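Just entry_17.cif here, mmCIF, C-alpha atoms (C1' of nucleotides):
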data_target
#
loop_
_atom_site.label_atom_id
_atom_site.label_comp_id
_atom_site.auth_asym_id
_atom_site.auth_seq_id
_atom_site.Cartn_x
_atom_site.Cartn_y
_atom_site.Cartn_z
CA MET A 12 0.00 0.00 0.00
CA ALA A 13 1.03 3.57 -0.38
CA SER A 14 3.36 4.82 2.31
CA ARG A 15 1.76 2.77 5.01
CA THR A 16 4.73 2.59 7.29
CA ALA A 17 6.03 6.03 6.36
CA THR A 18 3.29 8.08 8.04
CA ALA A 19 1.50 6.59 11.00
CA LEU A 20 -2.28 6.52 10.90
CA VAL A 21 -3.80 9.53 12.66
CA HIS A 22 -6.20 8.66 15.48
CA PRO A 23 -7.50 11.52 17.64
CA ASP A 24 -7.48 10.97 21.39
CA ARG A 25 -10.78 10.40 23.12
CA ALA A 26 -10.64 13.86 24.67
CA ASP A 27 -10.16 15.48 21.28
CA LEU A 28 -13.26 14.03 19.64
CA GLU A 29 -15.51 16.81 18.36
CA PHE A 30 -19.24 16.38 18.23
CA THR A 31 -19.80 18.19 14.95
CA THR A 32 -16.97 16.28 13.28
CA VAL A 33 -18.39 12.96 14.45
CA LEU A 34 -21.87 13.92 13.26
CA ALA A 35 -20.48 14.93 9.88
CA ALA A 36 -18.73 11.57 9.64
CA LEU A 37 -21.99 9.75 10.42
CA SER A 38 -24.10 11.86 8.09
CA ASP A 39 -23.26 9.86 4.96
CA PRO A 40 -25.16 6.66 4.08
CA VAL A 41 -22.04 4.77 3.06
CA ARG A 42 -20.19 5.67 6.23
CA LEU A 43 -23.21 4.97 8.41
CA ALA A 44 -23.45 1.51 6.84
CA ILE A 45 -19.78 0.89 7.60
CA VAL A 46 -20.36 1.84 11.23
CA ALA A 47 -23.34 -0.50 11.49
CA ARG A 48 -21.35 -3.44 10.13
CA LEU A 49 -18.53 -2.75 12.58
CA ALA A 50 -20.98 -2.41 15.45
CA ASP A 51 -22.33 -5.85 14.66
CA VAL A 52 -18.90 -7.46 15.09
CA TRP A 53 -17.97 -5.40 18.11
CA PRO A 54 -16.02 -5.61 20.42
CA ASP A 55 -13.37 -7.90 18.99
CA GLY A 56 -14.27 -7.91 15.32
CA GLU A 57 -12.07 -6.27 12.76
CA LEU A 58 -13.08 -6.04 9.13
CA ALA A 59 -10.86 -5.32 6.14
CA CYS A 60 -12.05 -2.57 3.83
CA THR A 61 -12.85 -4.98 1.02
CA THR A 62 -15.32 -7.02 3.04
CA PHE A 63 -17.89 -4.26 2.95
CA ALA A 64 -18.84 -4.48 -0.74
CA LEU A 65 -19.79 -0.84 -0.88
CA PRO A 66 -21.52 0.68 -3.92
CA VAL A 67 -18.75 3.23 -4.53
CA SER A 68 -15.36 3.14 -6.15
CA LYS A 69 -12.25 1.96 -4.37
CA SER A 70 -10.77 5.41 -4.02
CA THR A 71 -14.03 6.79 -2.65
CA GLN A 72 -14.06 3.98 -0.10
CA SER A 73 -10.57 4.92 0.92
CA GLY A 74 -11.74 8.48 1.48
CA HIS A 75 -14.74 7.39 3.56
CA PHE A 76 -12.60 5.24 5.85
CA LYS A 77 -10.21 8.13 6.25
CA VAL A 78 -13.04 10.48 7.27
CA LEU A 79 -14.26 7.98 9.86
CA ARG A 80 -10.77 7.45 11.24
CA GLU A 81 -9.89 11.13 11.47
CA ALA A 82 -13.20 11.87 13.16
CA GLY A 83 -12.35 9.21 15.73
CA VAL A 84 -15.23 6.90 14.85
CA ILE A 85 -13.13 3.92 13.80
CA ARG A 86 -9.66 2.62 14.47
CA GLN A 87 -7.47 1.27 11.68
CA ARG A 88 -4.38 -0.89 11.82
CA ASP A 89 -2.40 -2.56 9.11
CA GLU A 90 -1.93 -6.29 9.02
CA GLY A 91 0.02 -7.44 6.03
CA THR A 92 -1.62 -6.11 2.92
CA ARG A 93 -4.93 -5.45 4.60
CA ARG A 94 -6.13 -2.54 6.69
CA LEU A 95 -8.33 -3.75 9.51
CA ASN A 96 -11.14 -1.55 10.85
CA SER A 97 -12.85 -1.58 14.21
CA LEU A 98 -15.37 0.65 15.92
CA ARG A 99 -14.22 2.98 18.71
CA ARG A 100 -17.40 2.35 20.64
CA ASP A 101 -15.81 2.75 24.04
CA ASP A 102 -14.54 6.23 23.21
CA LEU A 103 -17.75 7.30 21.50
CA ASP A 104 -19.93 6.01 24.33
CA ALA A 105 -17.76 7.85 26.83
CA ARG A 106 -17.92 11.18 25.05
CA PHE A 107 -21.37 11.06 23.44
CA PRO A 108 -23.48 8.53 25.36
CA GLY A 109 -26.40 7.20 23.36
CA LEU A 110 -25.25 8.45 19.99
CA LEU A 111 -24.24 5.07 18.61
CA ASP A 112 -27.39 3.50 20.02
CA ILE A 113 -29.30 5.83 17.72
CA ALA A 114 -27.00 5.75 14.72
CA VAL A 115 -26.31 2.03 14.42
CA PRO A 116 -29.92 0.94 13.80
CA GLN A 117 -30.19 3.62 11.15
CA GLY A 118 -27.07 2.23 9.52
CA ARG A 119 -28.53 -1.26 9.58
CA ALA A 120 -31.60 0.07 7.81
CA ILE A 121 -29.38 1.37 5.04
CA LEU A 122 -27.61 -1.97 4.77
CA ALA A 123 -30.97 -3.64 4.37
CA THR A 124 -31.65 -1.65 1.22
CA TRP A 125 -28.49 -2.87 -0.57
CA MET B 42 -38.43 39.86 1.60
CA ALA B 43 -37.70 38.09 -1.61
CA SER B 44 -40.61 36.09 -2.99
CA ARG B 45 -41.87 35.11 0.41
CA THR B 46 -45.47 34.66 -0.52
CA ALA B 47 -44.71 33.42 -4.03
CA THR B 48 -43.26 30.03 -3.06
CA ALA B 49 -44.42 28.47 0.17
CA LEU B 50 -41.74 27.35 2.62
CA VAL B 51 -40.88 23.68 2.20
CA HIS B 52 -41.30 21.59 5.34
CA PRO B 53 -40.87 17.82 5.01
CA ASP B 54 -43.47 15.65 6.71
CA ARG B 55 -42.45 13.80 9.83
CA ALA B 56 -42.45 10.50 7.96
CA ASP B 57 -40.09 11.88 5.33
CA LEU B 58 -37.35 12.95 7.71
CA GLU B 59 -34.07 11.25 6.82
CA PHE B 60 -31.53 10.44 9.46
CA THR B 61 -28.45 11.26 7.42
CA THR B 62 -29.96 14.57 6.30
CA VAL B 63 -30.78 15.53 9.89
CA LEU B 64 -27.28 14.59 11.03
CA ALA B 65 -25.76 16.65 8.25
CA ALA B 66 -27.89 19.60 9.33
CA LEU B 67 -26.71 19.23 12.93
CA SER B 68 -23.06 18.72 12.01
CA ASP B 69 -22.28 22.43 11.71
CA PRO B 70 -21.41 24.54 14.77
CA VAL B 71 -23.53 27.50 13.69
CA ARG B 72 -26.57 25.35 13.02
CA LEU B 73 -26.09 23.37 16.23
CA ALA B 74 -26.03 26.64 18.16
CA ILE B 75 -29.27 27.72 16.50
CA VAL B 76 -30.90 24.45 17.52
CA ALA B 77 -29.73 24.87 21.11
CA ARG B 78 -31.19 28.37 21.33
CA LEU B 79 -34.49 27.17 19.93
CA ALA B 80 -34.53 24.21 22.30
CA ASP B 81 -34.20 26.60 25.23
CA VAL B 82 -37.36 28.48 24.26
CA TRP B 83 -39.30 25.36 23.36
CA PRO B 84 -42.20 24.58 23.11
CA ASP B 85 -43.85 27.90 22.41
CA GLY B 86 -40.87 30.09 21.68
CA GLU B 87 -40.22 31.46 18.25
CA LEU B 88 -37.11 33.43 17.42
CA ALA B 89 -36.48 35.68 14.44
CA CYS B 90 -33.29 35.03 12.52
CA THR B 91 -31.69 38.30 13.66
CA THR B 92 -31.94 37.48 17.34
CA PHE B 93 -29.20 34.88 17.09
CA ALA B 94 -26.24 37.20 16.53
CA LEU B 95 -24.32 34.58 14.62
CA PRO B 96 -20.68 35.05 13.62
CA VAL B 97 -21.37 34.66 9.90
CA SER B 98 -22.71 36.89 7.18
CA LYS B 99 -26.39 37.49 6.62
CA SER B 100 -26.56 35.42 3.47
CA THR B 101 -24.75 32.54 5.13
CA GLN B 102 -27.26 32.70 7.98
CA SER B 103 -30.05 32.51 5.47
CA GLY B 104 -28.48 29.38 4.01
CA HIS B 105 -28.08 27.75 7.42
CA PHE B 106 -31.73 28.31 8.32
CA LYS B 107 -32.72 26.88 4.97
CA VAL B 108 -30.67 23.73 5.56
CA LEU B 109 -32.29 23.25 8.97
CA ARG B 110 -35.77 23.78 7.60
CA GLU B 111 -35.36 21.48 4.61
CA ALA B 112 -33.90 18.78 6.83
CA GLY B 113 -37.01 19.07 9.02
CA VAL B 114 -35.16 20.28 12.11
CA ILE B 115 -36.89 23.64 12.40
CA ARG B 116 -40.16 25.18 11.29
CA GLN B 117 -40.33 28.65 9.79
CA ARG B 118 -43.24 30.98 9.33
CA ASP B 119 -43.41 34.55 8.18
CA GLU B 120 -44.86 37.26 10.35
CA GLY B 121 -44.64 40.65 8.80
CA THR B 122 -41.08 41.32 7.83
CA ARG B 123 -39.66 38.69 10.15
CA ARG B 124 -39.23 34.98 9.71
CA LEU B 125 -39.92 33.16 12.96
CA ASN B 126 -38.13 29.91 13.76
CA SER B 127 -39.13 27.10 16.08
CA LEU B 128 -37.75 23.67 16.81
CA ARG B 129 -39.60 20.60 15.49
CA ARG B 130 -38.82 18.71 18.65
CA ASP B 131 -42.00 16.65 18.57
CA ASP B 132 -41.24 15.31 15.11
CA LEU B 133 -37.56 14.72 15.84
CA ASP B 134 -38.29 12.97 19.12
CA ALA B 135 -40.81 10.76 17.38
CA ARG B 136 -38.48 9.70 14.58
CA PHE B 137 -35.09 9.76 16.31
CA PRO B 138 -35.66 9.46 20.06
CA GLY B 139 -32.78 10.76 22.13
CA LEU B 140 -31.00 12.58 19.33
CA LEU B 141 -31.90 16.08 20.48
CA ASP B 142 -31.13 15.16 24.06
CA ILE B 143 -27.58 14.54 22.90
CA ALA B 144 -27.27 17.37 20.38
CA VAL B 145 -28.75 20.27 22.36
CA PRO B 146 -26.20 20.25 25.20
CA GLN B 147 -23.43 20.18 22.59
CA GLY B 148 -25.00 23.20 20.95
CA ARG B 149 -25.13 25.00 24.28
CA ALA B 150 -21.44 24.34 24.73
CA ILE B 151 -20.78 26.06 21.42
CA LEU B 152 -22.92 29.02 22.44
CA ALA B 153 -20.86 29.33 25.59
CA THR B 154 -17.71 29.91 23.54
CA TRP B 155 -19.16 32.95 21.72
"C1'" DA C 215 14.77 -14.31 -7.13
"C1'" DA C 216 11.28 -13.11 -10.08
"C1'" DC C 217 6.73 -12.82 -11.19
"C1'" DA C 218 1.93 -12.26 -10.53
"C1'" DC C 219 -1.83 -11.00 -7.69
"C1'" DA C 220 -4.61 -8.70 -3.96
"C1'" DT C 221 -5.30 -4.73 -1.05
"C1'" DG C 222 -5.32 0.17 -0.52
"C1'" DT C 223 -3.49 4.88 -1.28
"C1'" DT C 224 -2.44 9.01 -3.97
"C1'" DC C 225 -2.94 12.18 -7.75
"C1'" DA C 226 -5.35 14.98 -11.30
"C1'" DT C 227 -9.61 16.26 -13.10
"C1'" DG C 228 -14.34 17.56 -13.28
"C1'" DA C 229 -18.71 18.13 -10.50
"C1'" DA C 230 -21.04 19.72 -6.67
"C1'" DT C 231 -21.24 22.52 -2.57
"C1'" DC C 232 -20.10 26.53 0.67
"C1'" DC C 233 -19.25 31.55 1.97
"C1'" DT C 234 -19.56 36.20 0.90
"C1'" DG C 235 -20.88 40.96 -0.65
"C1'" DA C 236 -24.02 43.36 -3.60
"C1'" DA C 237 -28.45 43.90 -5.21
"C1'" DC C 238 -33.15 43.07 -4.57
"C1'" DA C 239 -37.91 42.37 -2.37
"C1'" DT C 240 -41.26 43.09 1.20
"C1'" DG C 241 -43.38 44.95 5.42
"C1'" DG C 242 -43.63 48.48 8.79
"C1'" DT C 243 -42.88 53.57 10.31
"C1'" DT C 244 -42.70 58.35 10.12
"C1'" DA D 126 -43.67 58.86 -0.30
"C1'" DA D 127 -39.41 58.11 1.72
"C1'" DC D 128 -36.93 55.36 4.76
"C1'" DC D 129 -35.41 51.64 7.46
"C1'" DA D 130 -35.29 46.66 9.10
"C1'" DT D 131 -35.49 41.92 7.91
"C1'" DG D 132 -34.30 38.33 4.80
"C1'" DT D 133 -33.61 36.25 0.16
"C1'" DT D 134 -31.31 35.63 -4.24
"C1'" DC D 135 -27.51 35.92 -7.41
"C1'" DA D 136 -22.68 35.54 -9.25
"C1'" DG D 137 -18.00 34.80 -7.99
"C1'" DG D 138 -14.28 32.34 -6.04
"C1'" DA D 139 -12.76 28.74 -2.76
"C1'" DT D 140 -13.24 24.43 -0.75
"C1'" DT D 141 -14.78 19.80 -0.87
"C1'" DC D 142 -16.28 15.18 -3.19
"C1'" DA D 143 -16.19 11.15 -6.48
"C1'" DT D 144 -13.77 8.76 -9.88
"C1'" DG D 145 -10.28 6.27 -12.87
"C1'" DA D 146 -5.42 5.67 -13.60
"C1'" DA D 147 -1.14 4.98 -11.69
"C1'" DC D 148 1.42 3.60 -7.86
"C1'" DA D 149 3.10 1.13 -3.48
"C1'" DT D 150 3.36 -2.78 -0.49
"C1'" DG D 151 2.68 -7.54 1.21
"C1'" DT D 152 1.85 -12.41 0.02
"C1'" DG D 153 2.13 -16.45 -2.61
"C1'" DT D 154 3.93 -19.24 -6.62
"C1'" DT D 155 7.07 -20.94 -9.77
#

Starting from the coordinates I provided, produce the structure as structure tokens.
Amino acid sequence: MASRTATALVHPDRADLEFTTVLAALSDPVRLAIVARLADVWPDGELACTTFALPVSKSTQSGHFKVLREAGVIRQRDEGTRRLNSLRRDDLDARFPGLLDIAVPQGRAILATW
Amino acid sequence: MASRTATALVHPDRADLEFTTVLAALSDPVRLAIVARLADVWPDGELACTTFALPVSKSTQSGHFKVLREAGVIRQRDEGTRRLNSLRRDDLDARFPGLLDIAVPQGRAILATW
DNA sequence: AACACATGTTCATGAATCCTGAACATGGTT
DNA sequence: AACCATGTTCAGGATTCATGAACATGTGTT
């Protein structure tokens, strides 16, 4: 992958999560669907980007995952050639209690339409 | 005002509210602050656009109120030369229970920084 | 080693959206 | 009528978004 090891992946600390940034990250159907899938394999599940079968191009997917990571919604780590994603539910629940409880079912509803 | 009576204000029905659209509307600090102010005068309070003293230009304000209205977050009605705004808390609570309870305090926090 | 393949990222381009000041429209006031 | 207050619309420039093509890296195969 491109410069994986060169620049470390940026993950904001729990205390630095911003509400409006998180909402913006969740306000896209594709990203909300990603969050719902990750919530369903939480807490120990990690899913590679490819496993989502999203209806957008590869580069757009890459952008969506980046938005979620930089907002602090997901965590990403590299394992071999794959980038594994997991939900930062603990941090989100601590900072914005109840938000994921509302958002995840909505994401599942989007998944159901695909 | 410009063509106020010509085209009626668009207000989506409660059933047509979309989660991602509402989140997008709430994901901006200025709009979140507007929502918080309206929540504090709910249920019978109506505030004209000018009363908010927002740190953006008049035309940008107009755009923000339009986004909120078209997302179904606020209701607007014209009274004389002023456009009065109120929060659609009943509809939002019915469709997305708990969302405003989370968002409003965050909006108040933004207000406190101005 | 060398080659091919799978997984993701980056870059350049075009499309869509956002912010602003200037001009406009409407209602109320003197 | 003239004037002011409240908001909207329009055109522009700037920022953001989606995509295909090219690239980079890790794994497996010969």

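Here CA of Val82 (chain B) stands at a distance of 12.5 Å from CA of Leu125 (chain B).
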
Inset, instruction - Find the residues around Thr61 (chain B) up to 7 Å (only C-alpha atoms (C1' of nucleotides) counted), leave out those fewer than 4 positions away in its own chain, and share them as a list in words. - result: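 Counting only the stated atoms, we get Ser38, Asp39 and Pro40 of chain A; Ala65 of chain B.
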
Inset, instruction - With a distance threshold of 7 Å and counting all atoms listed in the file, extract the residues of chain D near chain B and express them as a list in words. - result: DT131, DG132 and DT133 of chain D

Inset, instruction - Pull out every residue of chain C sitting within 7 Å of chain B, counting only C-alpha atoms (C1' of nucleotides), and send them as a ChimeraX atom specification. - result: /C:233,239-241

Inset, instruction - Have a look at C1' of DA147 (chain D) and C1' of DT227 (chain C) and let me know their distance in Å, one decimal. - result: 14.2 Å

Inset, instruction - Using all atoms listed in the file, determine which residues lie at most 8 Å from Ile151 (chain B), disregarding the query and same-chain residues fewer than 4 positions distant; provide the list as an NGL selection string. - result: :B and (70 or 73-74 or 147 or 155)

Residues as selected, C-alpha atoms, written as a PDB file, in the frame of the given file, can you do that?
ATOM      1  CA  PRO B  70     -21.410  24.540  14.770  1.00  0.00           C
ATOM      2  CA  LEU B  73     -26.090  23.370  16.230  1.00  0.00           C
ATOM      3  CA  ALA B  74     -26.030  26.640  18.160  1.00  0.00           C
ATOM      4  CA  GLN B 147     -23.430  20.180  22.590  1.00  0.00           C
ATOM      5  CA  TRP B 155     -19.160  32.950  21.720  1.00  0.00           C
TER       6      TRP B 155
END

Inset, instruction - Fewer than 6 positions away in the same chain doesn't count, so skip those; otherwise give me all residues within 7 Å of region 76-81 of chain B, counting only C-alpha atoms (C1' of nucleotides), as a list in words. - result: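 Answer for this query is Ser127, Leu128, Val145, Gly148 and Arg149 of chain B.
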
Based on the selection just made, write C-alpha atoms of those residues as a CSV table (one decimal), keeping the file's coordinate frame.
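And here is the file that came out, selection_32.csv:
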chain,number,residue,atom,x,y,z
B,127,SER,CA,-39.1,27.1,16.1
B,128,LEU,CA,-37.8,23.7,16.8
B,145,VAL,CA,-28.8,20.3,22.4
B,148,GLY,CA,-25.0,23.2,21.0
B,149,ARG,CA,-25.1,25.0,24.3

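For the atom pair formed by C1' of DT141 (chain D) and C1' of DT231 (chain C), the distance is 7.2 Å, given to one decimal.
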
Got a sec to align chain B on chain A by every in-order Cα pair and hand back the fitted coordinates as a compact mmCIF listing (two decimals) with C-alpha atoms, in the coordinates of the input?
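Output file out.txt follows:
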# COMPACT_ATOMS: atom_id res chain seq x y z
CA MET B 42 0.08 -0.04 -0.03
CA ALA B 43 1.07 3.54 -0.46
CA SER B 44 3.34 4.87 2.28
CA ARG B 45 1.71 2.82 4.97
CA THR B 46 4.67 2.60 7.26
CA ALA B 47 6.00 6.04 6.35
CA THR B 48 3.28 8.10 8.05
CA ALA B 49 1.51 6.58 11.01
CA LEU B 50 -2.29 6.52 10.92
CA VAL B 51 -3.80 9.52 12.69
CA HIS B 52 -6.20 8.65 15.50
CA PRO B 53 -7.49 11.51 17.65
CA ASP B 54 -7.48 10.97 21.40
CA ARG B 55 -10.79 10.41 23.11
CA ALA B 56 -10.65 13.87 24.67
CA ASP B 57 -10.15 15.48 21.28
CA LEU B 58 -13.24 14.04 19.64
CA GLU B 59 -15.49 16.82 18.36
CA PHE B 60 -19.22 16.38 18.21
CA THR B 61 -19.78 18.20 14.94
CA THR B 62 -16.95 16.28 13.28
CA VAL B 63 -18.38 12.95 14.45
CA LEU B 64 -21.85 13.92 13.24
CA ALA B 65 -20.45 14.92 9.87
CA ALA B 66 -18.72 11.55 9.64
CA LEU B 67 -21.98 9.74 10.42
CA SER B 68 -24.08 11.87 8.08
CA ASP B 69 -23.24 9.86 4.96
CA PRO B 70 -25.14 6.67 4.07
CA VAL B 71 -22.02 4.75 3.05
CA ARG B 72 -20.17 5.66 6.22
CA LEU B 73 -23.20 4.96 8.40
CA ALA B 74 -23.44 1.50 6.85
CA ILE B 75 -19.77 0.87 7.61
CA VAL B 76 -20.34 1.83 11.24
CA ALA B 77 -23.33 -0.50 11.49
CA ARG B 78 -21.34 -3.44 10.14
CA LEU B 79 -18.53 -2.75 12.58
CA ALA B 80 -20.97 -2.40 15.45
CA ASP B 81 -22.32 -5.86 14.68
CA VAL B 82 -18.90 -7.46 15.09
CA TRP B 83 -17.97 -5.40 18.13
CA PRO B 84 -16.05 -5.64 20.43
CA ASP B 85 -13.38 -7.90 19.00
CA GLY B 86 -14.28 -7.91 15.34
CA GLU B 87 -12.09 -6.29 12.77
CA LEU B 88 -13.08 -6.04 9.14
CA ALA B 89 -10.88 -5.32 6.14
CA CYS B 90 -12.07 -2.57 3.84
CA THR B 91 -12.86 -5.00 1.01
CA THR B 92 -15.32 -7.03 3.04
CA PHE B 93 -17.90 -4.26 2.94
CA ALA B 94 -18.85 -4.47 -0.73
CA LEU B 95 -19.80 -0.83 -0.89
CA PRO B 96 -21.53 0.70 -3.91
CA VAL B 97 -18.78 3.25 -4.53
CA SER B 98 -15.39 3.18 -6.15
CA LYS B 99 -12.28 1.99 -4.39
CA SER B 100 -10.80 5.44 -4.01
CA THR B 101 -14.05 6.81 -2.63
CA GLN B 102 -14.08 3.97 -0.10
CA SER B 103 -10.59 4.90 0.92
CA GLY B 104 -11.75 8.47 1.50
CA HIS B 105 -14.74 7.37 3.57
CA PHE B 106 -12.61 5.23 5.86
CA LYS B 107 -10.22 8.13 6.27
CA VAL B 108 -13.04 10.47 7.29
CA LEU B 109 -14.26 7.97 9.88
CA ARG B 110 -10.79 7.43 11.27
CA GLU B 111 -9.89 11.11 11.49
CA ALA B 112 -13.20 11.87 13.17
CA GLY B 113 -12.36 9.20 15.76
CA VAL B 114 -15.24 6.90 14.86
CA ILE B 115 -13.15 3.92 13.81
CA ARG B 116 -9.67 2.60 14.48
CA GLN B 117 -7.47 1.26 11.70
CA ARG B 118 -4.40 -0.91 11.84
CA ASP B 119 -2.40 -2.55 9.13
CA GLU B 120 -1.92 -6.28 9.01
CA GLY B 121 0.02 -7.41 6.02
CA THR B 122 -1.62 -6.07 2.93
CA ARG B 123 -4.94 -5.43 4.62
CA ARG B 124 -6.15 -2.54 6.69
CA LEU B 125 -8.35 -3.75 9.53
CA ASN B 126 -11.15 -1.56 10.86
CA SER B 127 -12.85 -1.58 14.23
CA LEU B 128 -15.38 0.64 15.92
CA ARG B 129 -14.23 2.98 18.71
CA ARG B 130 -17.41 2.35 20.62
CA ASP B 131 -15.81 2.76 24.03
CA ASP B 132 -14.54 6.23 23.21
CA LEU B 133 -17.76 7.30 21.50
CA ASP B 134 -19.92 6.01 24.33
CA ALA B 135 -17.76 7.85 26.82
CA ARG B 136 -17.92 11.19 25.03
CA PHE B 137 -21.37 11.07 23.42
CA PRO B 138 -23.48 8.55 25.34
CA GLY B 139 -26.40 7.20 23.35
CA LEU B 140 -25.25 8.46 19.97
CA LEU B 141 -24.24 5.07 18.60
CA ASP B 142 -27.38 3.51 20.01
CA ILE B 143 -29.29 5.84 17.72
CA ALA B 144 -26.98 5.76 14.71
CA VAL B 145 -26.29 2.02 14.41
CA PRO B 146 -29.90 0.93 13.80
CA GLN B 147 -30.17 3.63 11.13
CA GLY B 148 -27.05 2.23 9.51
CA ARG B 149 -28.53 -1.26 9.57
CA ALA B 150 -31.59 0.05 7.80
CA ILE B 151 -29.37 1.36 5.03
CA LEU B 152 -27.59 -1.98 4.77
CA ALA B 153 -30.95 -3.65 4.37
CA THR B 154 -31.63 -1.65 1.21
CA TRP B 155 -28.47 -2.90 -0.56

Inset, instruction - Using all atoms listed in the file, find the one residue out of B:Leu67, B:Leu109, B:Ala135, B:Ala153 that sits nearest to chain A. - result: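 Closest residue, counting all atoms listed in the file: B:Leu67.
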
Inset, instruction - Enumerate, as a list in words, the residues matched when the PyMOL selection byres ((chain C and resi 220) around 10) is run on the file above. - result: Thr92 and Arg93 of chain A; DA218, DC219, DT221 and DG222 of chain C; DG151 and DT152 of chain D

Legend entry - Selection result of the PyMOL selection byres ((chain D and resi 154) around 9) on this file, as a PyMOL selection string: (chain C and resi 217-218) or (chain D and resi 153+155)

Legend entry - Nearest residue to chain A from the set B:Val108, B:Val63, B:Val114, B:Ile75 (distances using all atoms listed in the file):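 Nearest candidate to chain A out of B:Val108, B:Val63, B:Val114, B:Ile75: B:Val63.
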